[in-house]
$ cat work_0.txt   # compact mmCIF, N, CA and C atoms
# COMPACT_ATOMS: atom_id res chain seq x y z
N VAL A 1 0.85 -1.18 0.00
CA VAL A 1 0.00 0.00 0.00
C VAL A 1 0.89 1.23 0.00
N CYS A 2 0.50 2.19 -0.79
CA CYS A 2 1.31 3.40 -0.96
C CYS A 2 0.69 4.56 -0.20
N SER A 3 1.54 5.37 0.36
CA SER A 3 1.04 6.57 1.03
C SER A 3 0.71 7.64 0.00
N SER A 4 0.07 8.69 0.43
CA SER A 4 -0.27 9.79 -0.47
C SER A 4 0.90 10.74 -0.66
N ASP A 5 1.99 10.51 0.05
CA ASP A 5 3.15 11.37 -0.05
C ASP A 5 3.84 11.23 -1.40
N LEU A 6 4.53 12.28 -1.78
CA LEU A 6 5.33 12.22 -2.99
C LEU A 6 6.54 11.31 -2.75
N LEU A 7 6.85 10.50 -3.73
CA LEU A 7 8.02 9.63 -3.64
C LEU A 7 9.27 10.33 -4.13
N HIS A 8 9.06 11.38 -4.94
CA HIS A 8 10.18 12.17 -5.47
C HIS A 8 9.62 13.49 -5.99
N GLU A 9 10.41 14.53 -5.81
CA GLU A 9 10.08 15.82 -6.42
C GLU A 9 11.36 16.56 -6.70
N ASP A 10 11.44 17.16 -7.89
CA ASP A 10 12.54 18.03 -8.23
C ASP A 10 11.97 19.17 -9.07
N SER A 11 12.81 19.95 -9.70
CA SER A 11 12.32 21.11 -10.44
C SER A 11 11.56 20.75 -11.71
N HIS A 12 11.66 19.49 -12.16
CA HIS A 12 11.03 19.09 -13.42
C HIS A 12 9.87 18.11 -13.27
N VAL A 13 9.92 17.24 -12.26
CA VAL A 13 8.92 16.17 -12.15
C VAL A 13 8.53 15.91 -10.70
N VAL A 14 7.39 15.23 -10.56
CA VAL A 14 6.98 14.64 -9.29
C VAL A 14 6.66 13.17 -9.54
N VAL A 15 6.79 12.36 -8.49
CA VAL A 15 6.46 10.94 -8.58
C VAL A 15 5.56 10.60 -7.41
N PHE A 16 4.46 9.91 -7.73
CA PHE A 16 3.56 9.44 -6.69
C PHE A 16 2.92 8.13 -7.12
N CYS A 17 2.20 7.51 -6.20
CA CYS A 17 1.55 6.23 -6.47
C CYS A 17 0.37 6.40 -7.40
N ASP A 18 0.17 5.41 -8.25
CA ASP A 18 -1.00 5.38 -9.12
C ASP A 18 -2.24 5.19 -8.25
N ARG A 19 -3.33 5.87 -8.59
CA ARG A 19 -4.56 5.78 -7.77
C ARG A 19 -5.29 4.45 -7.96
N ALA A 20 -5.00 3.74 -9.04
CA ALA A 20 -5.60 2.43 -9.31
C ALA A 20 -4.49 1.48 -9.76
N PRO A 21 -3.67 1.02 -8.83
CA PRO A 21 -2.48 0.25 -9.21
C PRO A 21 -2.81 -1.03 -9.98
N ALA A 22 -2.06 -1.24 -11.06
CA ALA A 22 -2.23 -2.43 -11.88
C ALA A 22 -1.21 -3.51 -11.52
N ALA A 23 -0.25 -3.16 -10.69
CA ALA A 23 0.82 -4.09 -10.31
C ALA A 23 1.12 -3.92 -8.83
N SER A 24 2.00 -4.78 -8.33
CA SER A 24 2.33 -4.71 -6.91
C SER A 24 2.85 -3.33 -6.52
N LYS A 25 3.59 -2.72 -7.41
CA LYS A 25 4.03 -1.32 -7.26
C LYS A 25 3.72 -0.62 -8.57
N HIS A 26 3.02 0.50 -8.50
CA HIS A 26 2.62 1.23 -9.70
C HIS A 26 2.68 2.72 -9.37
N PHE A 27 3.60 3.41 -10.01
CA PHE A 27 3.83 4.82 -9.75
C PHE A 27 3.67 5.62 -11.04
N GLN A 28 3.59 6.93 -10.89
CA GLN A 28 3.51 7.85 -12.02
C GLN A 28 4.62 8.89 -11.89
N VAL A 29 5.30 9.16 -13.00
CA VAL A 29 6.23 10.29 -13.07
C VAL A 29 5.53 11.35 -13.91
N ILE A 30 5.33 12.51 -13.30
CA ILE A 30 4.55 13.58 -13.93
C ILE A 30 5.45 14.81 -14.12
N PRO A 31 5.56 15.31 -15.34
CA PRO A 31 6.32 16.55 -15.52
C PRO A 31 5.54 17.74 -14.95
N LYS A 32 6.26 18.69 -14.39
CA LYS A 32 5.60 19.89 -13.87
C LYS A 32 5.11 20.80 -15.00
N ARG A 33 5.82 20.79 -16.10
CA ARG A 33 5.38 21.55 -17.28
C ARG A 33 4.24 20.78 -17.94
N HIS A 34 3.17 21.49 -18.29
CA HIS A 34 2.03 20.80 -18.90
C HIS A 34 2.37 20.35 -20.32
N ILE A 35 2.21 19.05 -20.53
CA ILE A 35 2.32 18.43 -21.84
C ILE A 35 1.11 17.52 -21.93
N LYS A 36 0.30 17.69 -22.94
CA LYS A 36 -0.97 16.96 -23.01
C LYS A 36 -0.78 15.45 -23.09
N ASN A 37 0.05 14.98 -24.01
CA ASN A 37 0.27 13.55 -24.17
C ASN A 37 1.51 13.33 -25.04
N ILE A 38 1.83 12.08 -25.34
CA ILE A 38 3.07 11.81 -26.08
C ILE A 38 3.04 12.38 -27.49
N ARG A 39 1.85 12.56 -28.05
CA ARG A 39 1.77 13.09 -29.42
C ARG A 39 2.05 14.58 -29.49
N THR A 40 2.03 15.27 -28.36
CA THR A 40 2.33 16.70 -28.36
C THR A 40 3.80 16.98 -28.06
N LEU A 41 4.58 15.92 -27.79
CA LEU A 41 6.02 16.09 -27.60
C LEU A 41 6.67 16.46 -28.93
N GLN A 42 7.72 17.25 -28.87
CA GLN A 42 8.45 17.68 -30.05
C GLN A 42 9.81 16.98 -30.09
N PRO A 43 10.37 16.79 -31.27
CA PRO A 43 11.71 16.21 -31.36
C PRO A 43 12.78 17.25 -31.03
N SER A 44 12.62 17.88 -29.89
CA SER A 44 13.52 18.95 -29.45
C SER A 44 14.40 18.43 -28.31
N THR A 45 15.51 19.11 -28.12
CA THR A 45 16.41 18.73 -27.04
C THR A 45 15.71 18.80 -25.70
N SER A 46 14.89 19.83 -25.48
CA SER A 46 14.24 19.97 -24.17
C SER A 46 13.26 18.83 -23.90
N ASP A 47 12.47 18.43 -24.89
CA ASP A 47 11.52 17.33 -24.66
C ASP A 47 12.25 15.99 -24.53
N ILE A 48 13.28 15.77 -25.33
CA ILE A 48 14.04 14.52 -25.23
C ILE A 48 14.76 14.46 -23.88
N ASP A 49 15.34 15.56 -23.45
CA ASP A 49 15.99 15.61 -22.14
C ASP A 49 15.00 15.35 -21.01
N LEU A 50 13.79 15.90 -21.13
CA LEU A 50 12.77 15.66 -20.12
C LEU A 50 12.42 14.17 -20.04
N LEU A 51 12.27 13.51 -21.19
CA LEU A 51 11.96 12.08 -21.19
C LEU A 51 13.10 11.27 -20.56
N HIS A 52 14.33 11.63 -20.85
CA HIS A 52 15.47 10.95 -20.21
C HIS A 52 15.40 11.13 -18.70
N HIS A 53 15.11 12.34 -18.27
CA HIS A 53 15.02 12.62 -16.83
C HIS A 53 13.88 11.83 -16.19
N MET A 54 12.72 11.81 -16.86
CA MET A 54 11.59 11.05 -16.33
C MET A 54 11.96 9.57 -16.19
N ARG A 55 12.62 9.02 -17.22
CA ARG A 55 13.03 7.62 -17.17
C ARG A 55 14.03 7.37 -16.04
N ASP A 56 15.03 8.24 -15.92
CA ASP A 56 16.06 8.04 -14.89
C ASP A 56 15.48 8.14 -13.49
N VAL A 57 14.62 9.12 -13.27
CA VAL A 57 13.96 9.25 -11.96
C VAL A 57 13.09 8.02 -11.70
N GLY A 58 12.34 7.60 -12.72
CA GLY A 58 11.48 6.44 -12.58
C GLY A 58 12.25 5.18 -12.22
N LEU A 59 13.36 4.95 -12.89
CA LEU A 59 14.18 3.77 -12.58
C LEU A 59 14.73 3.84 -11.16
N ALA A 60 15.14 5.02 -10.73
CA ALA A 60 15.65 5.17 -9.36
C ALA A 60 14.56 4.85 -8.33
N VAL A 61 13.35 5.34 -8.57
CA VAL A 61 12.24 5.06 -7.65
C VAL A 61 11.93 3.56 -7.65
N LEU A 62 11.86 2.95 -8.82
CA LEU A 62 11.57 1.52 -8.89
C LEU A 62 12.66 0.69 -8.21
N HIS A 63 13.91 1.04 -8.41
CA HIS A 63 14.99 0.29 -7.77
C HIS A 63 14.95 0.45 -6.25
N ARG A 64 14.49 1.59 -5.79
CA ARG A 64 14.38 1.82 -4.35
C ARG A 64 13.15 1.11 -3.77
N GLU A 65 12.02 1.20 -4.45
CA GLU A 65 10.75 0.69 -3.92
C GLU A 65 10.48 -0.78 -4.24
N ALA A 66 11.06 -1.28 -5.32
CA ALA A 66 10.82 -2.67 -5.75
C ALA A 66 12.08 -3.23 -6.39
N PRO A 67 13.15 -3.39 -5.60
CA PRO A 67 14.45 -3.74 -6.18
C PRO A 67 14.52 -5.12 -6.82
N THR A 68 13.67 -6.04 -6.44
CA THR A 68 13.78 -7.40 -6.96
C THR A 68 12.76 -7.73 -8.04
N SER A 69 11.90 -6.79 -8.37
CA SER A 69 10.85 -7.04 -9.36
C SER A 69 11.33 -6.71 -10.77
N ASP A 70 10.62 -7.27 -11.76
CA ASP A 70 10.80 -6.83 -13.13
C ASP A 70 10.07 -5.51 -13.29
N HIS A 71 10.61 -4.61 -14.09
CA HIS A 71 10.06 -3.27 -14.22
C HIS A 71 9.60 -3.01 -15.64
N ARG A 72 8.55 -2.21 -15.77
CA ARG A 72 8.08 -1.74 -17.08
C ARG A 72 7.80 -0.25 -16.94
N LEU A 73 8.32 0.54 -17.89
CA LEU A 73 8.13 1.99 -17.90
C LEU A 73 7.58 2.38 -19.25
N GLY A 74 6.46 3.10 -19.27
CA GLY A 74 5.92 3.50 -20.55
C GLY A 74 4.72 4.43 -20.44
N PHE A 75 4.23 4.79 -21.61
CA PHE A 75 3.13 5.74 -21.75
C PHE A 75 1.98 5.09 -22.51
N HIS A 76 0.76 5.45 -22.13
CA HIS A 76 -0.38 5.05 -22.94
C HIS A 76 -0.45 5.96 -24.15
N VAL A 77 -0.77 5.37 -25.30
CA VAL A 77 -0.84 6.09 -26.56
C VAL A 77 -2.26 6.59 -26.78
N PRO A 78 -2.42 7.88 -27.11
CA PRO A 78 -3.76 8.38 -27.40
C PRO A 78 -4.42 7.57 -28.51
N PRO A 79 -5.68 7.28 -28.38
CA PRO A 79 -6.65 7.78 -27.39
C PRO A 79 -6.79 6.88 -26.17
N PHE A 80 -5.81 5.99 -25.92
CA PHE A 80 -5.91 5.01 -24.83
C PHE A 80 -5.34 5.54 -23.52
N TYR A 81 -5.80 6.69 -23.09
CA TYR A 81 -5.37 7.25 -21.81
C TYR A 81 -6.54 8.02 -21.21
N SER A 82 -6.48 8.27 -19.91
CA SER A 82 -7.62 8.90 -19.23
C SER A 82 -7.28 10.24 -18.61
N VAL A 83 -6.03 10.64 -18.63
CA VAL A 83 -5.60 11.89 -18.01
C VAL A 83 -4.93 12.75 -19.09
N ASN A 84 -5.38 13.97 -19.24
CA ASN A 84 -4.83 14.87 -20.27
C ASN A 84 -3.58 15.61 -19.78
N HIS A 85 -2.64 14.86 -19.26
CA HIS A 85 -1.34 15.39 -18.86
C HIS A 85 -0.37 14.22 -18.95
N LEU A 86 0.75 14.45 -19.61
CA LEU A 86 1.74 13.40 -19.80
C LEU A 86 2.08 12.74 -18.46
N HIS A 87 2.12 11.42 -18.44
CA HIS A 87 2.52 10.69 -17.24
C HIS A 87 3.15 9.36 -17.63
N LEU A 88 4.30 9.11 -17.03
CA LEU A 88 5.05 7.89 -17.27
C LEU A 88 4.65 6.86 -16.22
N HIS A 89 4.15 5.72 -16.68
CA HIS A 89 3.80 4.63 -15.77
C HIS A 89 5.06 3.88 -15.38
N LEU A 90 5.21 3.62 -14.09
CA LEU A 90 6.29 2.80 -13.55
C LEU A 90 5.63 1.59 -12.91
N LEU A 91 5.89 0.42 -13.43
CA LEU A 91 5.25 -0.79 -12.91
C LEU A 91 6.30 -1.80 -12.48
N ALA A 92 6.03 -2.43 -11.33
CA ALA A 92 6.88 -3.51 -10.84
C ALA A 92 6.00 -4.75 -10.69
N THR A 93 6.42 -5.84 -11.30
CA THR A 93 5.63 -7.07 -11.24
C THR A 93 5.65 -7.65 -9.83
N PRO A 94 4.66 -8.47 -9.53
CA PRO A 94 3.63 -9.02 -10.40
C PRO A 94 2.48 -8.04 -10.61
N TYR A 95 1.76 -8.26 -11.71
CA TYR A 95 0.55 -7.48 -11.97
C TYR A 95 -0.57 -7.99 -11.07
N ARG A 96 -1.59 -7.17 -10.89
CA ARG A 96 -2.74 -7.56 -10.06
C ARG A 96 -3.43 -8.80 -10.63
N ASN A 97 -3.53 -8.86 -11.95
CA ASN A 97 -4.08 -10.05 -12.62
C ASN A 97 -3.64 -10.02 -14.08
N TRP A 98 -3.82 -11.12 -14.77
CA TRP A 98 -3.35 -11.23 -16.15
C TRP A 98 -4.09 -10.27 -17.07
N PHE A 99 -5.38 -10.05 -16.80
CA PHE A 99 -6.16 -9.19 -17.67
C PHE A 99 -5.65 -7.75 -17.65
N VAL A 100 -5.39 -7.23 -16.47
CA VAL A 100 -4.91 -5.85 -16.36
C VAL A 100 -3.50 -5.71 -16.95
N SER A 101 -2.72 -6.79 -16.93
CA SER A 101 -1.37 -6.71 -17.49
C SER A 101 -1.39 -6.43 -18.99
N LEU A 102 -2.48 -6.82 -19.67
CA LEU A 102 -2.59 -6.58 -21.11
C LEU A 102 -2.55 -5.10 -21.46
N LYS A 103 -3.04 -4.27 -20.56
CA LYS A 103 -3.07 -2.82 -20.78
C LYS A 103 -1.66 -2.22 -20.84
N TYR A 104 -0.68 -2.96 -20.33
CA TYR A 104 0.69 -2.43 -20.24
C TYR A 104 1.69 -3.22 -21.09
N LEU A 105 1.18 -4.02 -22.02
CA LEU A 105 2.06 -4.70 -22.96
C LEU A 105 2.41 -3.73 -24.09
N PRO A 106 3.67 -3.70 -24.48
CA PRO A 106 4.03 -2.82 -25.60
C PRO A 106 3.21 -3.19 -26.84
N GLY A 107 2.66 -2.18 -27.47
CA GLY A 107 1.82 -2.39 -28.64
C GLY A 107 1.19 -1.08 -29.06
N ILE A 108 -0.01 -1.18 -29.61
CA ILE A 108 -0.65 0.02 -30.13
C ILE A 108 -1.12 0.97 -29.03
N TRP A 109 -1.30 0.48 -27.81
CA TRP A 109 -1.82 1.36 -26.76
C TRP A 109 -0.82 1.67 -25.65
N PHE A 110 0.34 1.03 -25.65
CA PHE A 110 1.34 1.30 -24.61
C PHE A 110 2.72 1.33 -25.26
N LEU A 111 3.44 2.44 -25.05
CA LEU A 111 4.74 2.64 -25.67
C LEU A 111 5.82 2.74 -24.60
N PRO A 112 6.80 1.83 -24.60
CA PRO A 112 7.90 1.93 -23.63
C PRO A 112 8.63 3.26 -23.77
N VAL A 113 9.09 3.79 -22.66
CA VAL A 113 9.74 5.10 -22.67
C VAL A 113 10.95 5.13 -23.59
N ASP A 114 11.74 4.07 -23.60
CA ASP A 114 12.93 4.06 -24.47
C ASP A 114 12.55 4.10 -25.95
N SER A 115 11.44 3.46 -26.30
CA SER A 115 10.97 3.51 -27.69
C SER A 115 10.57 4.93 -28.08
N LEU A 116 9.92 5.63 -27.16
CA LEU A 116 9.52 7.01 -27.44
C LEU A 116 10.74 7.91 -27.58
N ILE A 117 11.72 7.74 -26.71
CA ILE A 117 12.94 8.53 -26.80
C ILE A 117 13.63 8.29 -28.15
N GLU A 118 13.76 7.04 -28.55
CA GLU A 118 14.40 6.71 -29.83
C GLU A 118 13.63 7.32 -31.00
N LYS A 119 12.31 7.26 -30.94
CA LYS A 119 11.49 7.82 -32.02
C LYS A 119 11.71 9.33 -32.15
N LEU A 120 11.71 10.04 -31.03
CA LEU A 120 11.93 11.50 -31.07
C LEU A 120 13.35 11.83 -31.51
N GLN A 121 14.33 11.03 -31.09
CA GLN A 121 15.71 11.28 -31.52
C GLN A 121 15.85 11.09 -33.03
N ARG A 122 15.20 10.07 -33.58
CA ARG A 122 15.25 9.86 -35.04
C ARG A 122 14.61 11.04 -35.77
N LYS A 123 13.47 11.52 -35.26
CA LYS A 123 12.81 12.68 -35.88
C LYS A 123 13.71 13.91 -35.81
N SER A 124 14.39 14.08 -34.68
CA SER A 124 15.28 15.22 -34.50
C SER A 124 16.45 15.15 -35.49
N GLN A 125 17.03 13.96 -35.66
CA GLN A 125 18.14 13.78 -36.59
C GLN A 125 17.69 14.01 -38.02
N THR A 126 16.50 13.54 -38.36
CA THR A 126 15.96 13.74 -39.71
C THR A 126 15.74 15.22 -39.98
N ALA A 127 15.18 15.93 -38.99
CA ALA A 127 14.94 17.37 -39.15
C ALA A 127 16.27 18.12 -39.30
N SER A 128 17.28 17.72 -38.53
CA SER A 128 18.60 18.36 -38.64
C SER A 128 19.22 18.11 -40.00
N SER A 129 19.09 16.89 -40.50
CA SER A 129 19.64 16.56 -41.82
C SER A 129 18.96 17.37 -42.92
N LYS A 130 17.64 17.51 -42.83
CA LYS A 130 16.91 18.29 -43.84
C LYS A 130 17.30 19.75 -43.79
N GLN A 131 17.48 20.30 -42.57
CA GLN A 131 17.88 21.69 -42.45
C GLN A 131 19.29 21.90 -43.02
N GLY A 132 20.18 20.94 -42.75
CA GLY A 132 21.53 21.02 -43.29
C GLY A 132 21.53 20.94 -44.80
N GLN A 133 20.72 20.07 -45.37
CA GLN A 133 20.63 19.93 -46.82
C GLN A 133 20.08 21.21 -47.45
N THR A 134 19.07 21.80 -46.81
CA THR A 134 18.51 23.06 -47.30
C THR A 134 19.55 24.16 -47.29
N ALA A 135 20.35 24.22 -46.23
CA ALA A 135 21.39 25.24 -46.14
C ALA A 135 22.43 25.05 -47.25
N ILE A 136 22.79 23.80 -47.53
CA ILE A 136 23.75 23.51 -48.60
C ILE A 136 23.17 23.91 -49.95
N GLU A 137 21.91 23.56 -50.17
CA GLU A 137 21.27 23.89 -51.45
C GLU A 137 21.20 25.40 -51.65
N GLN A 138 20.99 26.16 -50.58
CA GLN A 138 20.91 27.61 -50.69
C GLN A 138 22.27 28.22 -51.00
N GLN A 139 23.33 27.56 -50.59
CA GLN A 139 24.68 28.07 -50.85
C GLN A 139 25.09 27.80 -52.29
N VAL A 140 24.52 26.79 -52.91
CA VAL A 140 24.91 26.40 -54.26
C VAL A 140 24.26 27.25 -55.30

$ encode --input "work_0.txt" --output "structure tokens"
Amino acid sequence: VCSSDLLHEDSHVVVFCDRAPAASKHFQVIPKRHIKNIRTLQPSTSDIDLLHHMRDVGLAVLHREAPTSDHRLGFHVPPFYSVNHLHLHLLATPYRNWFVSLKYLPGIWFLPVDSLIEKLQRKSQTASSKQGQTAIEQQV
């Protein structure tokens, strides 16, 4: 059972227990800056850095609160979410039951945090390459 206290707070995020835990330990990492959902993230350094920070804080909390469990960190993909503010799910097995575990399997409705980071980094690199190519074409 989790207390209502914050498990972590810094200038960028807060961490607290999920109100309807799906696993033995289920926490949320919430950015203090309002971001509606993963689709509103930009392939920018600030958003990618925020995701790295959310992941690192989440892993630290999970290692402290559930050191021997398997961990899953990820986001629900719109429209499969119920809160209009970005939140990273931190889950430590076992799940409450097999049915609820389906909601957190990587797929069309749940995206692991590392997959999201990689996707934004690829978009950022593609955008940088296009800008560089445009600059070269303008010089020619």

$ atom_distance --input "work_0.txt" --atom1 "atom CA of A:Lys32" --atom2 "atom CA of A:Arg72"
22.0 Å

$ select_by_dssp --input "work_0.txt" --residues "stretch 59-90 of chain A" --states "alpha helix (DSSP H)" --output "PyMOL selection string"
chain A and resi 59-65

$ closest_residue --input "work_0.txt" --among "A:Pro21, A:Ile35, A:Pro43, A:Val14" --to "A:Arg122" --atoms "only N, CA and C atoms"
A:Pro43

$ residues_around --input "work_0.txt" --residues "A:Cys2" --least-positions-apart "4" --cutoff "10 Å" --atoms "only C-alpha atoms" --output "list in words"
Leu6, Leu7, Phe16, Cys17, Asp18, Arg19, Pro21, Lys25, His26 and Phe27 of chain A

$ residues_around --input "work_0.txt" --residues "stretch 93-110 of chain A" --least-positions-apart "5" --cutoff "6.5 Å" --atoms "all atoms listed in the file" --output "list in words"
Pro21, Ala22, Ala23, Ser24, Lys25, Ser69, Asp70, His71, Arg72, Gly74, Phe75, His76, Val77 and Phe80 of chain A

$ write_last_selection --input "work_0.txt" --atoms "N, CA and C atoms" --output "short mmCIF file (atom, residue, chain, number, x, y, z; two decimals), in the frame of the given file"
data_model
loop_
_atom_site.label_atom_id
_atom_site.label_comp_id
_atom_site.auth_asym_id
_atom_site.auth_seq_id
_atom_site.Cartn_x
_atom_site.Cartn_y
_atom_site.Cartn_z
N PRO A 21 -3.67 1.02 -8.83
CA PRO A 21 -2.48 0.25 -9.21
C PRO A 21 -2.81 -1.03 -9.98
N ALA A 22 -2.06 -1.24 -11.06
CA ALA A 22 -2.23 -2.43 -11.88
C ALA A 22 -1.21 -3.51 -11.52
N ALA A 23 -0.25 -3.16 -10.69
CA ALA A 23 0.82 -4.09 -10.31
C ALA A 23 1.12 -3.92 -8.83
N SER A 24 2.00 -4.78 -8.33
CA SER A 24 2.33 -4.71 -6.91
C SER A 24 2.85 -3.33 -6.52
N LYS A 25 3.59 -2.72 -7.41
CA LYS A 25 4.03 -1.32 -7.26
C LYS A 25 3.72 -0.62 -8.57
N SER A 69 11.90 -6.79 -8.37
CA SER A 69 10.85 -7.04 -9.36
C SER A 69 11.33 -6.71 -10.77
N ASP A 70 10.62 -7.27 -11.76
CA ASP A 70 10.80 -6.83 -13.13
C ASP A 70 10.07 -5.51 -13.29
N HIS A 71 10.61 -4.61 -14.09
CA HIS A 71 10.06 -3.27 -14.22
C HIS A 71 9.60 -3.01 -15.64
N ARG A 72 8.55 -2.21 -15.77
CA ARG A 72 8.08 -1.74 -17.08
C ARG A 72 7.80 -0.25 -16.94
N GLY A 74 6.46 3.10 -19.27
CA GLY A 74 5.92 3.50 -20.55
C GLY A 74 4.72 4.43 -20.44
N PHE A 75 4.23 4.79 -21.61
CA PHE A 75 3.13 5.74 -21.75
C PHE A 75 1.98 5.09 -22.51
N HIS A 76 0.76 5.45 -22.13
CA HIS A 76 -0.38 5.05 -22.94
C HIS A 76 -0.45 5.96 -24.15
N VAL A 77 -0.77 5.37 -25.30
CA VAL A 77 -0.84 6.09 -26.56
C VAL A 77 -2.26 6.59 -26.78
N PHE A 80 -5.81 5.99 -25.92
CA PHE A 80 -5.91 5.01 -24.83
C PHE A 80 -5.34 5.54 -23.52
#

$ select_by_dssp --input "work_0.txt" --residues "chain A" --states "strand (DSSP E)" --output "ChimeraX atom specification"
/A:8-9,13-17,23-31,71-76,88-95,110-112

$ write_last_selection --input "work_0.txt" --atoms "N, CA and C atoms" --output "compact mmCIF listing (two decimals), in the frame of the given file"
# COMPACT_ATOMS: atom_id res chain seq x y z
N HIS A 8 9.06 11.38 -4.94
CA HIS A 8 10.18 12.17 -5.47
C HIS A 8 9.62 13.49 -5.99
N GLU A 9 10.41 14.53 -5.81
CA GLU A 9 10.08 15.82 -6.42
C GLU A 9 11.36 16.56 -6.70
N VAL A 13 9.92 17.24 -12.26
CA VAL A 13 8.92 16.17 -12.15
C VAL A 13 8.53 15.91 -10.70
N VAL A 14 7.39 15.23 -10.56
CA VAL A 14 6.98 14.64 -9.29
C VAL A 14 6.66 13.17 -9.54
N VAL A 15 6.79 12.36 -8.49
CA VAL A 15 6.46 10.94 -8.58
C VAL A 15 5.56 10.60 -7.41
N PHE A 16 4.46 9.91 -7.73
CA PHE A 16 3.56 9.44 -6.69
C PHE A 16 2.92 8.13 -7.12
N CYS A 17 2.20 7.51 -6.20
CA CYS A 17 1.55 6.23 -6.47
C CYS A 17 0.37 6.40 -7.40
N ALA A 23 -0.25 -3.16 -10.69
CA ALA A 23 0.82 -4.09 -10.31
C ALA A 23 1.12 -3.92 -8.83
N SER A 24 2.00 -4.78 -8.33
CA SER A 24 2.33 -4.71 -6.91
C SER A 24 2.85 -3.33 -6.52
N LYS A 25 3.59 -2.72 -7.41
CA LYS A 25 4.03 -1.32 -7.26
C LYS A 25 3.72 -0.62 -8.57
N HIS A 26 3.02 0.50 -8.50
CA HIS A 26 2.62 1.23 -9.70
C HIS A 26 2.68 2.72 -9.37
N PHE A 27 3.60 3.41 -10.01
CA PHE A 27 3.83 4.82 -9.75
C PHE A 27 3.67 5.62 -11.04
N GLN A 28 3.59 6.93 -10.89
CA GLN A 28 3.51 7.85 -12.02
C GLN A 28 4.62 8.89 -11.89
N VAL A 29 5.30 9.16 -13.00
CA VAL A 29 6.23 10.29 -13.07
C VAL A 29 5.53 11.35 -13.91
N ILE A 30 5.33 12.51 -13.30
CA ILE A 30 4.55 13.58 -13.93
C ILE A 30 5.45 14.81 -14.12
N PRO A 31 5.56 15.31 -15.34
CA PRO A 31 6.32 16.55 -15.52
C PRO A 31 5.54 17.74 -14.95
N HIS A 71 10.61 -4.61 -14.09
CA HIS A 71 10.06 -3.27 -14.22
C HIS A 71 9.60 -3.01 -15.64
N ARG A 72 8.55 -2.21 -15.77
CA ARG A 72 8.08 -1.74 -17.08
C ARG A 72 7.80 -0.25 -16.94
N LEU A 73 8.32 0.54 -17.89
CA LEU A 73 8.13 1.99 -17.90
C LEU A 73 7.58 2.38 -19.25
N GLY A 74 6.46 3.10 -19.27
CA GLY A 74 5.92 3.50 -20.55
C GLY A 74 4.72 4.43 -20.44
N PHE A 75 4.23 4.79 -21.61
CA PHE A 75 3.13 5.74 -21.75
C PHE A 75 1.98 5.09 -22.51
N HIS A 76 0.76 5.45 -22.13
CA HIS A 76 -0.38 5.05 -22.94
C HIS A 76 -0.45 5.96 -24.15
N LEU A 88 4.30 9.11 -17.03
CA LEU A 88 5.05 7.89 -17.27
C LEU A 88 4.65 6.86 -16.22
N HIS A 89 4.15 5.72 -16.68
CA HIS A 89 3.80 4.63 -15.77
C HIS A 89 5.06 3.88 -15.38
N LEU A 90 5.21 3.62 -14.09
CA LEU A 90 6.29 2.80 -13.55
C LEU A 90 5.63 1.59 -12.91
N LEU A 91 5.89 0.42 -13.43
CA LEU A 91 5.25 -0.79 -12.91
C LEU A 91 6.30 -1.80 -12.48
N ALA A 92 6.03 -2.43 -11.33
CA ALA A 92 6.88 -3.51 -10.84
C ALA A 92 6.00 -4.75 -10.69
N THR A 93 6.42 -5.84 -11.30
CA THR A 93 5.63 -7.07 -11.24
C THR A 93 5.65 -7.65 -9.83
N PRO A 94 4.66 -8.47 -9.53
CA PRO A 94 3.63 -9.02 -10.40
C PRO A 94 2.48 -8.04 -10.61
N TYR A 95 1.76 -8.26 -11.71
CA TYR A 95 0.55 -7.48 -11.97
C TYR A 95 -0.57 -7.99 -11.07
N PHE A 110 0.34 1.03 -25.65
CA PHE A 110 1.34 1.30 -24.61
C PHE A 110 2.72 1.33 -25.26
N LEU A 111 3.44 2.44 -25.05
CA LEU A 111 4.74 2.64 -25.67
C LEU A 111 5.82 2.74 -24.60
N PRO A 112 6.80 1.83 -24.60
CA PRO A 112 7.90 1.93 -23.63
C PRO A 112 8.63 3.26 -23.77

$ closest_residue --input "work_0.txt" --among "A:Ala66, A:Leu73, A:Ser46, A:Val15" --to "A:Leu90" --atoms "all atoms listed in the file"
A:Leu73

$ residues_around --input "work_0.txt" --residues "A:Pro31" --least-positions-apart "3" --cutoff "8 Å" --atoms "only N, CA and C atoms" --output "short mmCIF file (atom, residue, chain, number, x, y, z; two decimals) with N, CA and C atoms, in the frame of the given file"
data_model
loop_
_atom_site.label_atom_id
_atom_site.label_comp_id
_atom_site.auth_asym_id
_atom_site.auth_seq_id
_atom_site.Cartn_x
_atom_site.Cartn_y
_atom_site.Cartn_z
N SER A 11 12.81 19.95 -9.70
CA SER A 11 12.32 21.11 -10.44
C SER A 11 11.56 20.75 -11.71
N HIS A 12 11.66 19.49 -12.16
CA HIS A 12 11.03 19.09 -13.42
C HIS A 12 9.87 18.11 -13.27
N VAL A 13 9.92 17.24 -12.26
CA VAL A 13 8.92 16.17 -12.15
C VAL A 13 8.53 15.91 -10.70
N VAL A 14 7.39 15.23 -10.56
CA VAL A 14 6.98 14.64 -9.29
C VAL A 14 6.66 13.17 -9.54
N VAL A 15 6.79 12.36 -8.49
CA VAL A 15 6.46 10.94 -8.58
C VAL A 15 5.56 10.60 -7.41
N GLN A 28 3.59 6.93 -10.89
CA GLN A 28 3.51 7.85 -12.02
C GLN A 28 4.62 8.89 -11.89
N HIS A 34 3.17 21.49 -18.29
CA HIS A 34 2.03 20.80 -18.90
C HIS A 34 2.37 20.35 -20.32
N ILE A 35 2.21 19.05 -20.53
CA ILE A 35 2.32 18.43 -21.84
C ILE A 35 1.11 17.52 -21.93
N LEU A 50 13.79 15.90 -21.13
CA LEU A 50 12.77 15.66 -20.12
C LEU A 50 12.42 14.17 -20.04
N MET A 54 12.72 11.81 -16.86
CA MET A 54 11.59 11.05 -16.33
C MET A 54 11.96 9.57 -16.19
N HIS A 85 -2.64 14.86 -19.26
CA HIS A 85 -1.34 15.39 -18.86
C HIS A 85 -0.37 14.22 -18.95
N LEU A 86 0.75 14.45 -19.61
CA LEU A 86 1.74 13.40 -19.80
C LEU A 86 2.08 12.74 -18.46
N HIS A 87 2.12 11.42 -18.44
CA HIS A 87 2.52 10.69 -17.24
C HIS A 87 3.15 9.36 -17.63
N LEU A 88 4.30 9.11 -17.03
CA LEU A 88 5.05 7.89 -17.27
C LEU A 88 4.65 6.86 -16.22
#
